[in-house]
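Below: one structure, written as structure tokens.
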Amino acid sequence: PPGAHVPALVIGTGYGGSVAALRLAQAGVDVHMLEMGMAWDTPGSDGKIFANTRTPDYRSYWLRTKTKQPLSNFLGFPLDKDVPKYTGILDAEDFSGITVYQGRGVGGGSLVNGGMAVTPPRPRFSAILPSVNVDEMYNTYYPRANAGLGVTNVDQAWWNSVDCYQYARVGRKHAERSNFPFVFVSNVYDWEYMRQEVAGTVPKSAVDGELLYGNNHGKKTLQKTYLAQAKATGRVAISPLHRVTSVAPANGRYAVVVEQLDTSGNVTATKTVTADKVFFAAGSIGTSKLLTKLKATNVLPGLNSEIGKGWGDNGNVMCGRANHLWDPTGAVQASIPTAGIDNWDAGGAFAEVAPLPTGIETWASFYLSITKNPNRAQFTWNSTANRVDLSWQTAWKQPSIDMAKSIFDKINAKEGTIYRTDLFGVYKIWGDHLTYHPLGGAVLNKATDNYGRLHGYSGLYVIDGALIPGNTAVNPFVTITALAERNIERIIAADF
Ligand code: FDA
């Protein structure tokens, strides 16, 4: 309620926020979480909570009147369609040089992501977070994060036998014939559930293409893991459709201004609550936008000059390859990725073998590459337009394209195949306009101390992907979770 006071307030309910809430509550601290997106706990008129990837509807996009599908075209035809403006689950947030996809709702990115739960190979860690003790991360915090998230491996014998992973086996064959290391990656999907989907004994979910707009059954989102445990403590309250707009010092506490939204995105109430401690967990973009604005508008003038800096796209770039007619990838493709091609050390790219769950044979192999792109952008306050801008330029993706080509040019040469040119427009090979993996903007040991305490203000913390300086060498959420586990342990011991 307006005027209320809480000991700990968490902005956002993604990975960082969920870890903070659970561990604080277990330590006996009452926590209130504010989330701008919906609760995603109530079925729509079709009896399902989430829409299918093939049939986006009002639930699918955050306050857009037209879908903005990451794969915008097929055989040259645009796929996007009009939808009612609604506080939907996937935000395609446009900056001048890049569209950043993010989950909106209780559970953050875990609602929409592929569930690929990858601990980076240990030799790569010191380049990811140079100020963090490697032994502690690999002995304690990565294992804790993997356990908390429910990470498991697919049974390879089963994987080898099912139609829905034919696309991934084609991916393996092509990788191995070009002598690239093909690696299985862990996931948070419930593999027993997927077995039953294949057997036809339960409602189909991943095998029916559910993913990008939510998964109705088998994926262990944060709603089923950290947040379920947090709620079970009885100490965590969550307010969905509440967007934080300001955090200001007030008599030794912080006054937090919150807008309540309706499902069309209108502000129906503006409230102020106070908190002793505030955790910024609004994601790399959400946290960076808030801090950049609050510093520039003199609400938090004591934040240091590292705020808004060090943002990267995890080197994301997408592409498709056209296979021969005798090399089909399958009409039914499980939406949960299981493997990647690891050419990081030799060529700077780790390529996820991704599904194209269209429901028809496409003769395409599709990949999301994570690359060692060195470019970093900065957030700045635009007082004329009253918004935060990001300095990323589309041309900055060229290093990512070159690194991805270190894999796919070689595979195409070996297989006698070509790139698909119909998936991102008309005659466009590279999906270089977007990222799924925003990282940085309030970097650890720069904008904050080495545990996420913001410089300039005691009791303000960053605990999400904003801490990580732009790249994790693999998919990021396990690293975000493990870093949050590390930081909150220290913060609880020293600050509470
Ligand atoms: P996260 O974005 O999860 O949570 C932030 C929350 O804060 C959101 O719920 C947001 O609505 C809320 N918020 C923002 N501003 C707010 C405000 N002002 N007030 C209140 N609430 C606010 N990663 C991976 O490791 N494996 C994978 O397979 C994939 N796949 C993938 C697919 C797709 C389509 C996407 C979009 C992303 C992925 N990712 C991924 C990335 C992964 O989901 C992402 O890195 C994490 O969700 C980031 O976690 P955070 O805790 O930083 O923020």
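Following the order of the structure tokens, first chain is A, next is B, and so on, with residues numbered from 1 inside each chain and ligands from 1 in the order they appear.
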For region 407-414 of chain A, please output as a PDB file with C-alpha atoms, in the first residue's frame all residues within 7 Å (counting only C-alpha atoms; exclusion window: fewer than 4 positions along the same chain).
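Written output follows (selection-v3.pdb):
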```
ATOM      1  CA  HIS A 174      27.586 -30.744 -40.076  1.00  0.00           C
ATOM      2  CA  ALA A 175      29.719 -29.509 -37.162  1.00  0.00           C
ATOM      3  CA  SER A 178      33.964 -29.667 -40.463  1.00  0.00           C
ATOM      4  CA  ILE A 418      24.560 -21.669 -48.762  1.00  0.00           C
TER       5      ILE A 418
END
```
Please extract the residues at most 7 Å from ligand 1, counting only C-alpha atoms and all ligand atoms, and provide them as an MDAnalysis selection string, using the chain letters and residue numbers of this document.
chainID A and resid 11:17 34:37 101:110 112:118 212 242:245 281:284 286:287 290 436:438 464:466 475:478 480
Considering only C-alpha atoms, return as a PyMOL selection string whatever protein or nucleic-acid residues lie within 8 Å of Ala168 (chain A), sequence-local ones (same chain, fewer than 5 positions apart) excluded.
chain A and resi 329+338-339+353-355
For N, CA and C atoms, I'd like the residues from the last selection saved as a PDB file, in the first residue's frame.
```
ATOM      1  N   THR A 329      15.608 -31.305 -41.764  1.00  0.00           N
ATOM      2  CA  THR A 329      15.788 -31.077 -40.327  1.00  0.00           C
ATOM      3  C   THR A 329      14.539 -31.439 -39.522  1.00  0.00           C
ATOM      4  N   THR A 338      19.569 -27.919 -27.240  1.00  0.00           N
ATOM      5  CA  THR A 338      20.326 -28.881 -26.432  1.00  0.00           C
ATOM      6  C   THR A 338      21.819 -28.856 -26.712  1.00  0.00           C
ATOM      7  N   ALA A 339      22.257 -28.073 -27.692  1.00  0.00           N
ATOM      8  CA  ALA A 339      23.651 -28.241 -28.101  1.00  0.00           C
ATOM      9  C   ALA A 339      24.179 -26.995 -28.792  1.00  0.00           C
ATOM     10  N   VAL A 353      22.764 -24.445 -31.637  1.00  0.00           N
ATOM     11  CA  VAL A 353      21.985 -25.082 -32.700  1.00  0.00           C
ATOM     12  C   VAL A 353      20.520 -24.904 -32.319  1.00  0.00           C
ATOM     13  N   ALA A 354      19.859 -23.957 -32.980  1.00  0.00           N
ATOM     14  CA  ALA A 354      18.535 -23.522 -32.543  1.00  0.00           C
ATOM     15  C   ALA A 354      17.442 -24.167 -33.391  1.00  0.00           C
ATOM     16  N   PRO A 355      16.262 -24.333 -32.808  1.00  0.00           N
ATOM     17  CA  PRO A 355      15.150 -24.898 -33.585  1.00  0.00           C
ATOM     18  C   PRO A 355      14.495 -23.846 -34.480  1.00  0.00           C
TER      19      PRO A 355
END
```
Among A:Thr362, A:Asn146, A:Ser335, A:Thr448, Arg321 (chain A) is approached most closely, using only C-alpha atoms, by A:Thr362
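Taking only C-alpha atoms into account, Leu294 (chain A) lies nearest to A:Val388 out of the set A:Ile89, A:Val100, A:Ala25, A:Val388.
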Nearby residues (only C-alpha atoms) at most 9 Å from region 50-55 of chain A, same-chain spacing under 4 positions excluded, as an mmCIF file with N, CA, C and O atoms, in the first residue's frame:
```cif
data_model
loop_
_atom_site.group_PDB
_atom_site.id
_atom_site.type_symbol
_atom_site.label_atom_id
_atom_site.label_comp_id
_atom_site.auth_asym_id
_atom_site.auth_seq_id
_atom_site.Cartn_x
_atom_site.Cartn_y
_atom_site.Cartn_z
ATOM 1 N N TRP A 40 1.256 -13.732 -14.868
ATOM 2 C CA TRP A 40 1.262 -14.948 -15.686
ATOM 3 C C TRP A 40 0.908 -16.190 -14.873
ATOM 4 O O TRP A 40 1.637 -17.166 -14.838
ATOM 5 N N PRO A 43 -5.101 -18.472 -16.897
ATOM 6 C CA PRO A 43 -5.309 -18.822 -18.306
ATOM 7 C C PRO A 43 -6.130 -17.789 -19.057
ATOM 8 O O PRO A 43 -6.991 -17.123 -18.476
ATOM 9 N N GLY A 44 -5.855 -17.640 -20.354
ATOM 10 C CA GLY A 44 -6.659 -16.794 -21.225
ATOM 11 C C GLY A 44 -7.894 -17.538 -21.714
ATOM 12 O O GLY A 44 -8.213 -18.639 -21.240
ATOM 13 N N ARG A 59 -1.275 -11.691 -25.900
ATOM 14 C CA ARG A 59 -0.390 -11.989 -24.768
ATOM 15 C C ARG A 59 1.086 -11.897 -25.112
ATOM 16 O O ARG A 59 1.934 -11.978 -24.225
ATOM 17 N N SER A 60 1.414 -11.794 -26.393
ATOM 18 C CA SER A 60 2.787 -12.065 -26.817
ATOM 19 C C SER A 60 3.747 -10.892 -26.707
ATOM 20 O O SER A 60 4.940 -11.100 -26.503
ATOM 21 N N ILE A 89 4.138 -10.613 -22.861
ATOM 22 C CA ILE A 89 5.254 -11.249 -22.166
ATOM 23 C C ILE A 89 6.630 -10.910 -22.743
ATOM 24 O O ILE A 89 7.629 -10.954 -22.034
ATOM 25 N N SER A 205 4.145 -29.356 -25.329
ATOM 26 C CA SER A 205 4.602 -28.007 -24.980
ATOM 27 C C SER A 205 5.834 -27.668 -25.813
ATOM 28 O O SER A 205 5.710 -27.106 -26.907
ATOM 29 N N ASP A 208 5.561 -28.902 -29.223
ATOM 30 C CA ASP A 208 4.600 -28.164 -30.039
ATOM 31 C C ASP A 208 5.095 -26.738 -30.315
ATOM 32 O O ASP A 208 4.340 -25.897 -30.786
ATOM 33 N N GLY A 209 6.350 -26.455 -29.993
ATOM 34 C CA GLY A 209 6.912 -25.151 -30.345
ATOM 35 C C GLY A 209 6.728 -24.057 -29.310
ATOM 36 O O GLY A 209 7.065 -22.907 -29.559
ATOM 37 N N GLU A 210 6.187 -24.382 -28.142
ATOM 38 C CA GLU A 210 6.019 -23.327 -27.128
ATOM 39 C C GLU A 210 7.382 -22.863 -26.628
ATOM 40 O O GLU A 210 8.223 -23.677 -26.259
ATOM 41 N N LEU A 211 7.594 -21.541 -26.583
ATOM 42 C CA LEU A 211 8.830 -21.019 -26.008
ATOM 43 C C LEU A 211 8.808 -19.499 -25.858
ATOM 44 O O LEU A 211 8.691 -18.982 -24.758
ATOM 45 N N LEU A 212 8.927 -18.831 -26.996
ATOM 46 C CA LEU A 212 9.193 -17.391 -27.024
ATOM 47 C C LEU A 212 8.127 -16.573 -26.306
ATOM 48 O O LEU A 212 8.412 -15.527 -25.749
ATOM 49 N N TYR A 213 6.896 -17.038 -26.316
ATOM 50 C CA TYR A 213 5.803 -16.311 -25.661
ATOM 51 C C TYR A 213 5.334 -17.039 -24.405
ATOM 52 O O TYR A 213 4.219 -16.875 -23.949
ATOM 53 N N GLY A 214 6.232 -17.871 -23.860
ATOM 54 C CA GLY A 214 5.925 -18.611 -22.643
ATOM 55 C C GLY A 214 5.740 -20.087 -22.931
ATOM 56 O O GLY A 214 5.466 -20.493 -24.060
ATOM 57 N N ASN A 215 5.928 -20.874 -21.886
ATOM 58 C CA ASN A 215 5.848 -22.330 -22.014
ATOM 59 C C ASN A 215 4.848 -22.825 -20.973
ATOM 60 O O ASN A 215 5.013 -22.558 -19.784
ATOM 61 N N ASN A 216 3.804 -23.516 -21.433
ATOM 62 C CA ASN A 216 2.709 -23.871 -20.519
ATOM 63 C C ASN A 216 2.993 -25.071 -19.627
ATOM 64 O O ASN A 216 2.223 -25.332 -18.707
ATOM 65 N N PRO A 357 10.844 -23.946 -35.054
ATOM 66 C CA PRO A 357 9.632 -24.735 -34.798
ATOM 67 C C PRO A 357 8.414 -24.239 -35.576
ATOM 68 O O PRO A 357 7.414 -23.822 -35.021
ATOM 69 N N THR A 358 8.516 -24.298 -36.901
ATOM 70 C CA THR A 358 7.438 -23.801 -37.751
ATOM 71 C C THR A 358 6.325 -24.834 -37.942
ATOM 72 O O THR A 358 5.241 -24.502 -38.396
ATOM 73 N N GLY A 359 6.624 -26.106 -37.630
ATOM 74 C CA GLY A 359 5.629 -27.149 -37.850
ATOM 75 C C GLY A 359 5.668 -27.737 -39.244
ATOM 76 O O GLY A 359 4.902 -28.664 -39.556
#
```
DSSP strand (DSSP E) residues within region 390-475 of chain A, as a PyMOL selection string:
chain A and resi 390+418-419+434-435+460-462
Go ahead and write the residues just picked, N, CA, C and O atoms, as a compact mmCIF listing (two decimals), in the first residue's frame.
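File written: again-v8.txt
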```txt
# COMPACT_ATOMS: atom_id res chain seq x y z
N LEU A 390 20.73 4.60 -25.96
CA LEU A 390 21.84 3.65 -25.92
C LEU A 390 22.67 3.87 -27.19
O LEU A 390 22.10 3.91 -28.30
N ILE A 418 24.51 -23.14 -48.80
CA ILE A 418 24.56 -21.67 -48.76
C ILE A 418 23.77 -21.14 -47.56
O ILE A 418 23.04 -21.90 -46.92
N TYR A 419 23.93 -19.86 -47.28
CA TYR A 419 23.14 -19.22 -46.23
C TYR A 419 21.71 -19.01 -46.72
O TYR A 419 21.46 -18.78 -47.91
N LEU A 434 19.50 -7.35 -33.44
CA LEU A 434 18.87 -7.65 -32.14
C LEU A 434 19.84 -8.30 -31.17
O LEU A 434 20.93 -8.75 -31.55
N THR A 435 19.44 -8.33 -29.90
CA THR A 435 20.09 -9.23 -28.95
C THR A 435 19.05 -9.81 -28.00
O THR A 435 18.02 -9.17 -27.73
N LEU A 460 21.89 0.73 -1.39
CA LEU A 460 21.45 0.52 -2.79
C LEU A 460 22.37 -0.50 -3.46
O LEU A 460 23.59 -0.38 -3.38
N TYR A 461 21.76 -1.48 -4.11
CA TYR A 461 22.51 -2.58 -4.70
C TYR A 461 22.07 -2.84 -6.14
O TYR A 461 20.90 -2.65 -6.46
N VAL A 462 23.00 -3.33 -6.95
CA VAL A 462 22.65 -3.89 -8.27
C VAL A 462 22.89 -5.40 -8.17
O VAL A 462 23.92 -5.83 -7.65
```
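Minimum atom-to-atom distances from A:Asn445, A:Thr42, A:Gln260, A:Thr274 to Ala4 (chain A) were compared using only C-alpha atoms, and the lowest value belongs to A:Thr274.
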With only C-alpha atoms as the counted atoms, please give the residues lying no more than 9 Å from Tyr167 (chain A), apart from itself and same-chain residues fewer than 2 positions off, as number ranges by chain.
A: 163-165, 169-172, 328-330, 332-334, 353-356, 364-366
Sel. of helix (DSSP H, G or I) residues, region 373-412 of chain A, as a ChimeraX atom specification:
/A:394-412
With N, CA and C atoms retained, write the just-selected residues as a tab-separated table (two decimals), in the first residue's frame.
```tsv
chain	number	residue	atom	x	y	z
A	394	THR	N	24.31	-0.34	-35.36
A	394	THR	CA	24.11	-1.62	-36.07
A	394	THR	C	25.43	-2.13	-36.66
A	395	ALA	N	26.26	-1.21	-37.14
A	395	ALA	CA	27.53	-1.63	-37.78
A	395	ALA	C	28.47	-2.31	-36.78
A	396	TRP	N	28.23	-2.10	-35.48
A	396	TRP	CA	29.10	-2.72	-34.47
A	396	TRP	C	28.93	-4.24	-34.41
A	397	LYS	N	27.95	-4.77	-35.14
A	397	LYS	CA	27.77	-6.23	-35.19
A	397	LYS	C	28.74	-6.90	-36.16
A	398	GLN	N	29.45	-6.11	-36.97
A	398	GLN	CA	30.29	-6.74	-37.99
A	398	GLN	C	31.31	-7.73	-37.40
A	399	PRO	N	31.97	-7.41	-36.27
A	399	PRO	CA	32.87	-8.43	-35.70
A	399	PRO	C	32.14	-9.73	-35.37
A	400	SER	N	30.90	-9.63	-34.92
A	400	SER	CA	30.12	-10.85	-34.61
A	400	SER	C	29.86	-11.66	-35.87
A	401	ILE	N	29.51	-10.96	-36.95
A	401	ILE	CA	29.26	-11.66	-38.22
A	401	ILE	C	30.54	-12.38	-38.66
A	402	ASP	N	31.67	-11.67	-38.57
A	402	ASP	CA	32.94	-12.28	-38.99
A	402	ASP	C	33.25	-13.52	-38.15
A	403	MET	N	32.99	-13.44	-36.85
A	403	MET	CA	33.27	-14.58	-35.97
A	403	MET	C	32.33	-15.74	-36.25
A	404	ALA	N	31.05	-15.45	-36.47
A	404	ALA	CA	30.10	-16.52	-36.81
A	404	ALA	C	30.48	-17.17	-38.14
A	405	LYS	N	30.98	-16.35	-39.07
A	405	LYS	CA	31.40	-16.90	-40.36
A	405	LYS	C	32.57	-17.88	-40.20
A	406	SER	N	33.35	-17.73	-39.11
A	406	SER	CA	34.45	-18.69	-38.90
A	406	SER	C	33.90	-20.11	-38.78
A	407	ILE	N	32.66	-20.24	-38.38
A	407	ILE	CA	32.02	-21.55	-38.32
A	407	ILE	C	31.28	-21.85	-39.63
A	408	PHE	N	30.38	-20.95	-40.02
A	408	PHE	CA	29.40	-21.33	-41.06
A	408	PHE	C	29.94	-21.25	-42.48
A	409	ASP	N	30.91	-20.38	-42.73
A	409	ASP	CA	31.54	-20.41	-44.06
A	409	ASP	C	32.19	-21.77	-44.29
A	410	LYS	N	32.84	-22.27	-43.23
A	410	LYS	CA	33.54	-23.56	-43.37
A	410	LYS	C	32.53	-24.70	-43.56
A	411	ILE	N	31.45	-24.68	-42.76
A	411	ILE	CA	30.44	-25.74	-42.90
A	411	ILE	C	29.80	-25.66	-44.29
A	412	ASN	N	29.47	-24.47	-44.74
A	412	ASN	CA	28.86	-24.34	-46.08
A	412	ASN	C	29.80	-24.86	-47.17
```
